[in-house]
Amino acid sequence: EITCEQLDEDTCTYPVSSARKRCVLEKHVKRSGEDEFTCRTSEIEDDKINNWIEIDKCVKACRLGRKSFGILSDSLLKSRFTEMLCSPQCYNSCPNVADLYFNLAAGESVFLPKLCEAQGANTQRGLAEIRSSGIVAPGPASGANAASGMAVDDECKLKFLELKAKRNYRFIVFKIQEQQVVVEKVGSPQETYEDFTAALPADECRYAVFDFDFTTDENCQKSKIFFIAWSPDTSRVRSKMVYASSKDRFKRELDGIQVELQATD
């Protein structure tokens with residue numbers, strides 16, 4: 001049986017666990033400056049494939065890197081990658097990779113076979129033309145739909161900067177609405193952690209940041225900004241997948257996150 005957390009950095013390239021969850025490779029920088037790689041279980045499920053480690057033949061044929069971080073659609077904008085992905089050696093012979101990128105393209109409202117037809121020219125222009133033509137994906141090939149092309153409303157970054165620099169808020173709750181991340185609620189500096197948890201819906205996913213004050217053993221007052229990916233067990237599977245696949249891209253917009261937490265209850 002395959003458990004994501006037991007895989008090393010060289011095998012954590014698009015594997016699917018025994019529980020049908022896709023694995024993702026993450027990189028952390030230690031205090032010493034050294035890179036540390038961790039393979040973890042994502043919230044993205046695949047209803048076709050399980051117990052899968054990608055073979056070297058497909059890694060080469062599809063132009064994948066053995067150290068690919070996260071699950072993002074950015075690679076589809078690279079013409080060389082799309083050319084390899086659409087080649088018969090990859091698209092017809094590597095079902096795990098084809099299924100994943102079919103769903104990533106669907107998250108961008110693009111039908112991958114049409115993108116493959118357009119990839120000979122400018123891939124980025126091809127994506128835009130397919131979107132504007134009304135030829136959209138008929139739906140993901142499996143439950144692994146990953147809408148990682150989510151836009152971020154400017155207010156999200158502005159409110160976060162106010163929390164970080166001016167400490168105007170104790171917390172900010174974000175939600176995905178109409179294909180973009182928006183601010184749903186802010187908490188005043190006087191509000192507590194209990195107020196924050198009360199602002200999170202019991203059965204819907206959210207992102208949030210919380211400014212946590214604490215006192216060190218040396219009696220120094222300090223604070224840390226936490227990023228919380230809220231994914232309750234009772235939330236819909238599709239919602240979990242959308243939030244999980246968009247998280248890393250959204251988090252990159254918030255410069256200054258110090259701790260990340262995944263919370264379910």
# chains A, B, ... in the order shown; residues from 1 in each chain; ligands from 1

$ residues_around --residues "Val152 of chain A" --least-positions-apart "6" --cutoff "8 Å" --atoms "only C-alpha atoms" --output "short mmCIF file (atom, residue, chain, number, x, y, z; two decimals) with all heavy atoms, in the first residue's frame"
data_model
loop_
_atom_site.label_atom_id
_atom_site.label_comp_id
_atom_site.auth_asym_id
_atom_site.auth_seq_id
_atom_site.Cartn_x
_atom_site.Cartn_y
_atom_site.Cartn_z
N GLN A 180 -12.81 33.29 -7.90
CA GLN A 180 -11.74 34.11 -7.32
C GLN A 180 -11.82 34.06 -5.80
O GLN A 180 -12.88 33.80 -5.22
CB GLN A 180 -11.78 35.54 -7.82
CG GLN A 180 -12.95 36.36 -7.34
CD GLN A 180 -12.79 37.84 -7.72
OE1 GLN A 180 -11.71 38.30 -8.07
NE2 GLN A 180 -13.89 38.58 -7.66
N VAL A 181 -10.67 34.29 -5.17
CA VAL A 181 -10.60 34.34 -3.71
C VAL A 181 -10.92 35.76 -3.28
O VAL A 181 -10.32 36.72 -3.77
CB VAL A 181 -9.21 33.93 -3.20
CG1 VAL A 181 -9.20 33.90 -1.67
CG2 VAL A 181 -8.81 32.57 -3.75
N VAL A 182 -11.88 35.89 -2.35
CA VAL A 182 -12.30 37.21 -1.87
C VAL A 182 -12.29 37.23 -0.34
O VAL A 182 -12.28 36.18 0.30
CB VAL A 182 -13.71 37.58 -2.38
CG1 VAL A 182 -13.75 37.62 -3.90
CG2 VAL A 182 -14.76 36.59 -1.86
N PHE A 250 -2.66 30.81 -3.85
CA PHE A 250 -3.18 31.91 -3.06
C PHE A 250 -2.19 32.32 -1.97
O PHE A 250 -1.94 33.51 -1.75
CB PHE A 250 -4.52 31.53 -2.43
CG PHE A 250 -5.06 32.56 -1.48
CD1 PHE A 250 -5.25 33.87 -1.87
CD2 PHE A 250 -5.38 32.21 -0.17
CE1 PHE A 250 -5.74 34.84 -1.00
CE2 PHE A 250 -5.88 33.16 0.72
CZ PHE A 250 -6.05 34.48 0.31
#

$ closest_residue --among "A:Lys224, A:Lys114, A:Lys175, A:Lys164" --to "Leu200 of chain A" --atoms "only C-alpha atoms"
A:Lys175

$ atom_distance --atom1 "atom CA of Gln190 of chain A" --atom2 "atom CA of Ile172 of chain A"
13.4 Å
